[in-house]
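Engineer: Pasting work00.txt here (compact mmCIF, C-alpha atoms):
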# COMPACT_ATOMS: atom_id res chain seq x y z
CA MET A 493 75.79 119.02 62.80
CA SER A 494 78.96 121.06 63.31
CA ASP A 495 77.47 122.23 66.60
CA ILE A 496 77.30 118.64 67.84
CA ILE A 497 80.89 117.95 66.75
CA LEU A 498 82.14 121.12 68.43
CA LYS A 499 80.32 120.19 71.63
CA LEU A 500 81.77 116.66 71.44
CA ILE A 501 85.32 117.98 71.05
CA LEU A 502 84.89 120.43 73.94
CA GLU A 503 83.49 117.69 76.16
CA SER A 504 86.24 115.23 75.32
CA PHE A 505 88.77 117.97 76.15
CA PHE A 506 87.24 118.18 79.62
CA ALA A 507 87.21 114.38 79.86
CA SER A 508 90.94 114.31 79.12
CA ILE A 509 91.53 116.84 81.93
CA ALA A 510 89.62 114.55 84.27
CA SER A 511 91.77 111.60 83.17
CA ILE A 512 94.99 113.52 83.80
CA GLY A 513 93.84 114.55 87.28
CA PHE A 514 93.07 110.98 88.28
CA ALA A 515 96.23 109.63 86.65
CA MET A 516 98.13 112.00 88.94
CA VAL A 517 96.32 110.63 92.00
CA PHE A 518 97.46 107.15 90.96
CA ASN A 519 101.04 108.44 90.44
CA VAL A 520 101.48 107.13 86.91
CA PRO A 521 104.92 107.69 85.34
CA LYS A 522 105.26 111.16 83.85
CA ASP A 523 105.66 110.15 80.22
CA SER A 524 102.45 108.12 80.18
CA LEU A 525 100.30 111.12 81.21
CA LYS A 526 99.72 112.18 77.60
CA PHE A 527 98.49 108.70 76.70
CA CYS A 528 96.06 108.80 79.62
CA ALA A 529 94.75 112.16 78.40
CA PHE A 530 94.34 110.83 74.86
CA GLY A 531 92.64 107.68 76.14
CA GLY A 532 90.22 109.65 78.28
CA ALA A 533 89.24 111.87 75.37
CA LEU A 534 88.90 108.89 73.04
CA THR A 535 86.70 106.79 75.32
CA TYR A 536 84.45 109.74 76.06
CA MET A 537 84.14 110.57 72.37
CA ILE A 538 83.27 106.98 71.41
CA ARG A 539 80.70 106.70 74.18
CA ALA A 540 79.10 110.07 73.53
CA SER A 541 78.79 109.46 69.79
CA LEU A 542 77.28 106.00 70.33
CA LEU A 543 74.83 107.53 72.83
CA ASN A 544 73.97 110.11 70.17
CA PHE A 545 73.15 107.33 67.73
CA GLY A 546 70.66 105.99 70.25
CA PHE A 547 72.48 103.02 71.75
CA GLY A 548 72.05 102.18 75.43
CA ILE A 549 74.56 103.48 77.96
CA GLU A 550 75.84 99.99 78.82
CA ILE A 551 76.56 99.01 75.20
CA SER A 552 78.24 102.35 74.47
CA THR A 553 80.40 102.05 77.58
CA PHE A 554 81.30 98.49 76.66
CA VAL A 555 82.41 99.42 73.14
CA ALA A 556 84.41 102.41 74.39
CA SER A 557 86.25 100.41 77.04
CA THR A 558 86.97 97.55 74.63
CA ALA A 559 88.49 100.09 72.26
CA ILE A 560 90.78 101.54 74.93
CA GLY A 561 91.62 97.99 76.05
CA ILE A 562 92.89 97.10 72.58
CA ILE A 563 94.78 100.37 72.16
CA ALA A 564 96.38 100.04 75.60
CA LEU A 565 97.56 96.56 74.67
CA TYR A 566 99.52 98.09 71.81
CA TRP A 567 100.90 100.91 73.99
CA SER A 568 101.91 98.59 76.81
CA ARG A 569 103.91 96.39 74.44
CA LYS A 570 105.60 99.40 72.89
CA TYR A 571 106.54 101.18 76.14
CA LEU A 572 106.73 98.14 78.49
CA ILE A 573 104.23 99.53 81.00
CA PRO A 574 101.39 97.48 82.58
CA ARG A 575 98.06 98.09 80.90
CA PRO A 576 96.07 99.31 83.93
CA VAL A 577 98.22 102.45 83.98
CA TYR A 578 96.62 103.51 80.70
CA THR A 579 93.22 101.88 80.94
CA VAL A 580 92.07 102.88 84.43
CA ALA A 581 92.91 106.55 83.93
CA SER A 582 91.20 106.52 80.54
CA ILE A 583 87.93 105.03 81.73
CA ILE A 584 87.71 107.31 84.80
CA PRO A 585 85.36 109.78 83.03
CA MET A 586 82.89 106.91 82.54
CA ILE A 587 82.98 105.58 86.15
CA PRO A 588 79.42 105.65 87.57
CA GLY A 589 80.49 107.46 90.75
CA THR A 590 77.33 109.54 91.08
CA TYR A 591 75.10 106.47 90.71
CA ALA A 592 77.09 104.52 93.31
CA PHE A 593 77.09 107.34 95.86
CA THR A 594 73.36 108.00 95.38
CA ALA A 595 72.61 104.32 95.93
CA MET A 596 74.68 104.22 99.11
CA ILE A 597 73.18 107.46 100.43
CA SER A 598 69.64 106.19 99.88
CA LEU A 599 70.61 103.02 101.75
CA VAL A 600 71.78 105.04 104.74
CA ASP A 601 68.69 107.27 104.45
CA MET A 602 66.47 104.19 104.64
CA ASN A 603 68.06 103.39 107.95
CA SER A 604 67.75 106.85 109.48
CA HIS A 605 64.47 108.15 108.02
CA GLY A 606 62.62 104.86 107.58
CA VAL A 607 62.03 102.76 104.49
CA SER A 608 59.81 104.28 101.83
CA PRO A 609 59.03 103.11 98.26
CA GLU A 610 60.80 106.17 96.84
CA LEU A 611 64.03 105.34 98.62
CA ILE A 612 63.89 101.68 97.56
CA GLU A 613 63.30 102.77 93.98
CA LEU A 614 66.22 105.20 94.19
CA PHE A 615 68.49 102.52 95.61
CA ILE A 616 67.65 99.78 93.12
CA GLU A 617 67.68 102.10 90.11
CA ASN A 618 71.02 103.71 90.90
CA GLY A 619 72.65 100.57 92.25
CA LEU A 620 71.73 98.53 89.18
CA LYS A 621 72.93 101.30 86.87
CA ALA A 622 76.24 101.53 88.73
CA VAL A 623 76.85 97.77 88.67
CA ALA A 624 75.82 97.44 85.02
CA ILE A 625 78.10 100.26 83.86
CA LEU A 626 80.95 99.00 86.01
CA GLY A 627 80.50 95.51 84.58
CA ALA A 628 80.48 96.88 81.04
CA ILE A 629 83.67 98.84 81.69
CA SER A 630 85.60 96.00 83.28
CA PHE A 631 84.42 93.32 80.87
CA GLY A 632 85.42 95.56 77.99
CA LEU A 633 88.84 96.16 79.52
CA ALA A 634 89.40 92.49 80.28
CA LEU A 635 88.32 91.18 76.87
CA PRO A 636 91.57 91.90 74.95
CA SER A 637 93.78 90.35 77.61
CA LEU A 638 91.45 87.35 78.04
CA TYR A 639 91.96 86.77 74.34
CA PHE A 640 95.71 86.62 74.87
CA MET A 641 95.47 84.45 77.97
CA ARG A 642 94.53 81.53 75.73
CA LEU A 643 98.01 81.68 74.25
CA ASN A 644 99.38 81.25 77.76
CA ARG A 645 102.08 83.86 77.67
CA PRO A 646 102.46 87.27 79.30
CA VAL A 647 100.69 90.18 77.63
CA ILE A 648 103.85 92.31 77.57
CA MET B 741 124.02 77.91 85.04
CA GLN B 742 125.73 76.99 88.29
CA GLU B 743 124.10 74.85 90.96
CA ILE B 744 121.88 76.76 93.39
CA ASN B 745 122.33 75.69 97.00
CA TYR B 746 119.71 76.05 99.68
CA GLN B 747 121.02 79.36 101.06
CA HIS B 748 121.13 80.92 97.64
CA GLN B 749 117.64 79.69 96.85
CA THR B 750 116.39 81.29 100.07
CA ILE B 751 117.92 84.61 99.07
CA ILE B 752 116.28 84.38 95.64
CA THR B 753 112.91 83.51 97.20
CA ARG B 754 113.10 86.51 99.52
CA ALA B 755 113.93 88.88 96.68
CA ILE B 756 111.08 87.53 94.52
CA ILE B 757 108.48 87.77 97.29
CA LYS B 758 109.61 91.32 98.05
CA ALA B 759 108.84 92.30 94.48
CA ALA B 760 105.47 90.51 94.66
CA VAL B 761 104.53 92.20 97.95
CA LEU B 762 105.43 95.65 96.60
CA MET B 763 103.24 95.06 93.56
CA SER B 764 100.34 93.82 95.67
CA GLU B 765 100.59 96.70 98.13
CA PHE B 766 100.53 99.39 95.48
CA GLY B 767 97.60 98.03 93.54
CA ALA B 768 98.78 95.76 90.73
CA GLU B 769 96.49 93.20 89.14
CA SER B 770 96.82 89.63 90.50
CA ILE B 771 97.80 88.10 87.19
CA LEU B 772 100.60 90.65 86.90
CA ILE B 773 101.89 89.72 90.36
CA GLU B 774 101.92 86.02 89.54
CA GLN B 775 103.56 86.51 86.15
CA THR B 776 106.18 88.81 87.63
CA ALA B 777 107.10 86.24 90.26
CA GLN B 778 107.30 83.44 87.70
CA ARG B 779 109.34 85.43 85.22
CA LEU B 780 111.75 86.53 87.94
CA GLY B 781 112.09 82.91 89.06
CA SER B 782 112.93 81.54 85.63
CA ALA B 783 115.30 84.45 84.94
CA LEU B 784 117.17 83.74 88.18
CA GLY B 785 117.50 80.01 87.43
CA ILE B 786 114.66 78.54 89.53
CA ASN B 787 112.69 75.68 88.03
CA SER B 788 109.27 76.96 88.98
CA VAL B 789 107.54 79.48 91.22
CA GLU B 790 104.13 78.78 92.74
CA ILE B 791 102.21 81.61 94.36
CA SER B 792 99.07 81.78 96.47
CA LEU B 793 97.40 85.16 96.74
CA ILE B 794 94.89 86.33 99.33
CA PRO B 795 94.08 89.99 99.95
CA SER B 796 96.09 90.23 103.16
CA ALA B 797 99.10 87.98 102.44
CA ILE B 798 101.21 86.24 99.83
CA VAL B 799 102.54 82.67 100.08
CA LEU B 800 105.31 81.86 97.62
CA THR B 801 107.20 78.62 96.94
CA THR B 802 110.23 78.21 94.72
CA LEU B 803 111.18 74.77 93.42
CA TYR B 804 114.66 73.79 92.30
CA ASN B 805 115.61 70.17 91.57
CA ASN B 806 114.58 68.44 94.79
CA GLN B 807 114.59 71.38 97.17
CA SER B 808 111.78 73.83 97.80
CA VAL B 809 111.65 77.06 99.80
CA THR B 810 108.34 78.51 100.99
CA THR B 811 107.78 81.87 102.62
CA THR B 812 104.84 84.06 103.60
CA ARG B 813 104.56 87.83 103.78
CA ARG B 814 101.83 90.08 105.11
CA VAL B 815 100.49 92.67 102.65
CA HIS B 816 99.52 96.10 104.00
CA HIS B 817 97.43 97.98 101.51
CA LYS B 818 98.69 101.45 100.67
CA PRO B 819 97.39 104.19 98.43
CA ILE B 820 97.62 103.22 94.75
CA ASN B 821 100.98 104.07 93.22
CA MET B 822 101.40 102.96 89.64
CA SER B 823 104.93 104.25 89.15
CA ILE B 824 106.29 101.65 91.59
CA VAL B 825 104.47 98.88 89.70
CA CYS B 826 105.93 100.16 86.42
CA ASP B 827 109.43 100.29 87.91
CA ILE B 828 109.22 96.68 89.07
CA GLN B 829 108.02 95.66 85.62
CA LYS B 830 111.04 97.41 84.08
CA ILE B 831 113.41 95.69 86.53
CA VAL B 832 111.96 92.29 85.57
CA ILE B 833 112.42 92.99 81.88
CA SER B 834 116.01 94.19 82.32
CA ILE B 835 116.85 91.10 84.40
CA GLU B 836 115.42 88.86 81.68
CA LYS B 837 117.33 90.73 78.98
CA ASN B 838 120.71 91.16 80.64
CA LYS B 839 120.85 88.02 82.81
CA TYR B 840 121.54 89.98 86.01
CA GLY B 841 121.80 88.05 89.28
CA VAL B 842 119.73 88.22 92.44
CA ASP B 843 121.91 91.02 93.90
CA TYR B 844 120.78 93.35 91.15
CA LEU B 845 117.13 92.56 91.94
CA ALA B 846 117.55 93.16 95.69
CA ASP B 847 119.48 96.42 95.14
CA SER B 848 117.11 97.86 92.58
CA LEU B 849 114.06 96.98 94.72
CA LYS B 850 115.68 98.90 97.57
CA ASP B 851 116.32 101.91 95.35
CA ILE B 852 112.79 102.28 93.97
CA GLU B 853 111.67 105.88 94.36
CA PRO B 854 107.98 106.61 93.95
CA ASN B 855 107.36 109.24 91.32
CA TYR B 856 105.59 111.90 93.35
CA TYR B 857 104.11 114.83 91.55
CA ASN B 858 104.30 118.29 93.05
CA ARG B 859 101.47 118.27 95.58
CA TRP B 860 100.06 121.67 94.59
CA LEU B 861 100.00 120.58 90.97
CA VAL B 862 97.99 117.51 92.03
CA VAL B 863 95.59 119.70 94.04
CA LEU B 864 95.08 121.97 91.03
CA MET B 865 94.62 119.11 88.56
CA VAL B 866 92.22 117.14 90.76
CA GLY B 867 90.17 120.31 91.28
CA LEU B 868 90.08 120.80 87.52
CA ALA B 869 89.22 117.12 87.00
CA CYS B 870 86.18 117.24 89.29
CA ALA B 871 85.14 120.57 87.78
CA SER B 872 85.34 118.89 84.38
CA PHE B 873 83.03 116.15 85.64
CA SER B 874 80.52 118.79 86.69
CA TYR B 875 80.80 120.40 83.26
CA LEU B 876 80.23 117.03 81.57
CA GLN B 877 77.07 116.60 83.62
CA GLY B 878 75.79 119.99 82.57
CA ALA B 879 76.59 122.34 85.44
CA ASP B 880 76.61 126.12 85.01
CA TRP B 881 79.78 128.16 85.53
CA VAL B 882 79.08 129.05 89.17
CA ALA B 883 78.71 125.36 89.99
CA PHE B 884 81.85 124.66 87.95
CA PHE B 885 83.96 127.01 90.07
CA ILE B 886 82.43 125.88 93.35
CA THR B 887 83.20 122.28 92.41
CA PHE B 888 86.76 123.30 91.57
CA LEU B 889 87.15 125.00 94.96
CA ALA B 890 85.53 122.18 96.93
CA SER B 891 87.49 119.34 95.37
CA SER B 892 90.80 121.22 95.50
CA VAL B 893 90.38 121.80 99.22
CA ALA B 894 89.22 118.20 99.63
CA MET B 895 92.31 116.92 97.82
CA TYR B 896 94.50 119.04 100.09
CA VAL B 897 92.76 117.53 103.14
CA ARG B 898 93.20 114.05 101.67
CA GLN B 899 96.93 114.62 101.17
CA GLU B 900 97.33 115.93 104.72
CA LEU B 901 95.51 112.89 106.15
CA ALA B 902 97.53 110.52 103.96
CA LYS B 903 100.73 112.16 105.21
CA ARG B 904 99.68 111.40 108.80
CA ARG B 905 99.10 107.77 107.72
CA PHE B 906 95.44 107.48 108.68
CA VAL B 907 93.44 104.45 107.56
CA LEU B 908 91.96 104.93 104.10
CA ILE B 909 88.39 104.70 105.45
CA ILE B 910 88.87 107.68 107.79
CA THR B 911 90.64 109.64 105.06
CA PHE B 912 87.77 109.09 102.64
CA GLY B 913 85.07 109.94 105.17
CA VAL B 914 86.67 113.19 106.32
CA THR B 915 87.48 114.23 102.75
CA ALA B 916 83.88 113.67 101.65
CA LEU B 917 82.66 115.70 104.65
CA VAL B 918 84.88 118.66 103.74
CA ALA B 919 84.02 118.47 100.04
CA THR B 920 80.28 118.43 100.68
CA LEU B 921 80.46 121.25 103.24
CA ILE B 922 82.25 123.51 100.75
CA ALA B 923 80.15 122.46 97.76
CA SER B 924 77.00 123.39 99.66
CA ILE B 925 77.94 127.05 99.12
CA SER B 926 76.22 126.56 95.76
CA GLN B 927 72.87 126.27 97.53
CA LEU B 928 73.19 129.65 99.25
CA ASN B 929 70.93 132.36 97.86
CA ASN B 930 70.36 130.32 94.69
CA ILE B 931 73.65 131.52 93.21
CA SER B 932 73.80 128.39 91.09
CA GLU B 933 71.07 126.82 88.97
CA THR B 934 72.51 123.34 89.46
CA PRO B 935 73.60 122.93 93.08
CA ASN B 936 73.17 119.16 93.17
CA ILE B 937 75.62 118.64 90.31
CA ALA B 938 78.23 120.59 92.27
CA LEU B 939 77.50 118.46 95.35
CA ALA B 940 77.75 115.21 93.40
CA SER B 941 80.85 116.08 91.37
CA SER B 942 82.92 117.43 94.22
CA VAL B 943 83.13 114.00 95.88
CA LEU B 944 83.99 112.14 92.67
CA LEU B 945 87.69 112.34 93.51
CA LEU B 946 86.89 109.63 96.06
CA ALA B 947 85.38 107.14 93.60
CA PRO B 948 87.43 103.94 94.20
CA GLY B 949 87.84 103.16 90.51
CA PHE B 950 90.99 101.10 90.81
CA ALA B 951 89.54 98.81 93.49
CA PHE B 952 86.43 97.99 91.45
CA ILE B 953 88.21 97.58 88.11
CA ASN B 954 90.92 95.39 89.62
CA SER B 955 88.25 93.35 91.39
CA PHE B 956 86.48 92.58 88.12
CA LEU B 957 89.71 91.91 86.23
CA ASP B 958 90.94 89.56 88.95
CA SER B 959 87.68 87.63 89.09
CA LEU B 960 87.51 87.25 85.32
CA LYS B 961 91.04 85.85 85.24
CA GLY B 962 90.44 83.27 87.95
CA TYR B 963 91.63 84.99 91.15
CA LEU B 964 88.28 84.82 92.89
CA SER B 965 89.32 85.50 96.48
CA MET B 966 91.37 88.54 95.44
CA GLY B 967 88.38 89.69 93.42
CA TRP B 968 86.07 89.48 96.43
CA GLY B 969 88.61 91.19 98.65
CA ARG B 970 89.01 94.14 96.33
CA TRP B 971 85.24 94.35 95.79
CA LEU B 972 84.71 94.61 99.54
CA GLU B 973 87.46 97.20 99.77
CA GLY B 974 85.74 99.29 97.12
CA ILE B 975 82.36 98.94 98.82
CA LEU B 976 83.83 99.94 102.20
CA LEU B 977 85.43 103.04 100.72
CA THR B 978 82.14 103.95 99.03
CA ILE B 979 80.29 103.54 102.33
CA ALA B 980 82.89 105.67 104.12
CA THR B 981 82.44 108.37 101.50
CA SER B 982 78.65 108.22 101.79
CA ILE B 983 78.85 108.53 105.57
CA GLY B 984 80.98 111.64 105.16
CA ILE B 985 78.40 113.11 102.78
CA ILE B 986 75.52 112.19 105.12
CA LEU B 987 77.27 113.81 108.09
CA ALA B 988 77.75 117.01 106.15
CA MET B 989 74.07 116.94 105.10
CA ALA B 990 73.02 116.44 108.71
CA ILE B 991 75.19 119.38 109.84
CA LEU B 992 73.73 121.67 107.17
CA ASP B 993 70.23 120.21 107.61
CA MET B 994 69.59 119.50 103.95
CA LYS B 995 67.96 116.51 102.35
CA GLY B 996 69.24 114.49 99.42
CA TRP B 997 71.13 115.61 96.32
As structure tokens - that is how I would like this structure written.
Structural biologist:
Amino acid sequence: MSDIILKLILESFFASIASIGFAMVFNVPKDSLKFCAFGGALTYMIRASLLNFGFGIEISTFVASTAIGIIALYWSRKYLIPRPVYTVASIIPMIPGTYAFTAMISLVDMNSHGVSPELIELFIENGLKAVAILGAISFGLALPSLYFMRLNRPVI
Amino acid sequence: MQEINYQHQTIITRAIIKAAVLMSEFGAESILIEQTAQRLGSALGINSVEISLIPSAIVLTTLYNNQSVTTTRRVHHKPINMSIVCDIQKIVISIEKNKYGVDYLADSLKDIEPNYYNRWLVVLMVGLACASFSYLQGADWVAFFITFLASSVAMYVRQELAKRRFVLIITFGVTALVATLIASISQLNNISETPNIALASSVLLLAPGFAFINSFLDSLKGYLSMGWGRWLEGILLTIATSIGIILAMAILDMKGW
């Protein structure tokens, strides 16, 4: 059991490094970097532990991104910074980049090497996975602010 | 509040649309752009601000008593820069709080300095970030270091191309080519057990996360045309990246990840 927890902590440490790196590419303000790191670690930890309990990857991703969406709402009110600054950097470790690139590469392969059932399978499998995870992430992020939109006033 | 004549209203409209264009160019969400424009308008004494957003332009109308001023600006998309969006947000809040006039808005928009990090620090951190991705996907240490090397060099290339103001599509394609060429070291002599993880992780710095997330957020909040525009932008950047990868694979004569 302690092995799993240790592995989880180590992995979320690496996830927070990934979040910081991407936050720097987006040029976030310097004092929000630590929140991005914390958010990245948190989302990864939530998703990994839900995956460990046997939930599907879409549900786990959805729960993790809803959690960071709610937390970022609190941060953005406190520090007067738009929410995407925190949320996008935090969910970066969950972005299905590998799935999306594999799908696109198989599409280009189909053109150059001819269509084969394996390539179609590769494309549909990876493309669907990418879209489903992306949808889970963005729906989770949007949910908290959609809740506030009903009140018809700015989130911060 | 004194009367606003037509000239003054024109000046206010120009200042507001400048703020909106800056936000749109540097990657803010559509709802944030609209709210910023409306809050600025009511803080500066305008009755209402109506805004129409499409991916390549902004049309903005301010209404005051019986006069209305409409203006259009072209939006040129630039690399995402969140610090500028944050600065504009802070300007809006300080105008609302302290009742500053339109001169303050125009001056502070002119003075906005993007918060650039030291470029070598960014190269180092992006290298570490992609290496972390490879670790999370279960790469061994050789693949970890090769990913670090490949994505650091790729980030350096990306910065150089961005400095020369190339179109994003070319930047992404060339960067993916370089990253894949370097990451293919991991296939030489079987030095790594997991060469395909190194190949896949080293191009992750090009994943257009902001475009896709913003596209979904915009569509869910009712800005459908902006949502489609950003979706297409994300898809185009993904295709550009894939073409870079495919070119590198063709040069090295390897097949698939």
Engineer: Rank A:Phe593, A:Phe527, A:Tyr578, A:Tyr639 by their smallest atom-to-atom distance to chain B, using only C-alpha atoms, and report the top residue only.
Structural biologist: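 Looking only at the distances to chain B, the closest residue turns out to be A:Phe593.
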Engineer: Contacts between chain B and chain A, please, where a residue of chain A counts if it comes within 7 Å (with only C-alpha atoms); show its shortest atom pair and distance in Å to one decimal, rows by chain and ascending number, as CSV.
Structural biologist:
residue,atom,partner,partner_atom,distance
A:Glu503,CA,B:Leu876,CA,6.4
A:Phe506,CA,B:Ser872,CA,5.2
A:Ala507,CA,B:Ser872,CA,6.7
A:Ile509,CA,B:Ala869,CA,5.6
A:Ala510,CA,B:Ala869,CA,3.8
A:Gly513,CA,B:Val866,CA,4.6
A:Phe514,CA,B:Val866,CA,6.7
A:Met516,CA,B:Val862,CA,6.3
A:Phe518,CA,B:Asn821,CA,5.2
A:Asn519,CA,B:Asn821,CA,5.2
A:Val520,CA,B:Met822,CA,5.0
A:Pro521,CA,B:Ser823,CA,5.1
A:Ile573,CA,B:Cys826,CA,5.7
A:Pro574,CA,B:Cys826,CA,6.5
A:Val577,CA,B:Met822,CA,6.5
A:Val580,CA,B:Phe950,CA,6.7
A:Ile587,CA,B:Gly949,CA,7.0
A:Gly589,CA,B:Ala947,CA,5.7
A:Thr590,CA,B:Ala940,CA,6.1
A:Phe593,CA,B:Ser982,CA,6.2
A:Met596,CA,B:Ser982,CA,6.2
A:Ile597,CA,B:Ser982,CA,5.7
A:Ser630,CA,B:Ile953,CA,5.7
A:Ala634,CA,B:Leu957,CA,6.0
A:Pro646,CA,B:Gln775,CA,7.0
Engineer: Can you tell me how far CA of Ser541 in chain A sits from CA of Val517 in chain A, in Å to one decimal?
Structural biologist: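 Separation of CA of Ser541 in chain A and CA of Val517 in chain A: 28.3 Å.
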Engineer: Show me the residues around (91.3, 108.1, 74.9) - criterion: an atom at most 12 Å away, all atoms listed in the file counted - as JSON, numbers by chain.
Structural biologist: {"A": [504, 505, 506, 507, 508, 509, 510, 511, 512, 525, 526, 527, 528, 529, 530, 531, 532, 533, 534, 535, 536, 537, 538, 539, 556, 557, 558, 559, 560, 561, 562, 563, 564, 578, 579, 580, 581, 582, 583, 584, 585, 586]}
Engineer: Centre and edge lengths of an axis-aligned box around all listed atoms of range 937-941 of chain B, with 3 Å added on each side, are to be given in Å to one decimal, as JSON.
Structural biologist:
{"center_x": 78.2, "center_y": 117.9, "center_z": 92.8, "size_x": 11.2, "size_y": 11.4, "size_z": 11.0}
Engineer: For range 905-911 of chain B, list every protein, DNA or RNA residue within 8 Å, evaluated using all atoms listed in the file, and leave out those in the same chain fewer than 2 positions away; present the list as an NGL selection string.
Structural biologist: :B and (819 or 898 or 901-903 or 913-915 or 976-977 or 980)
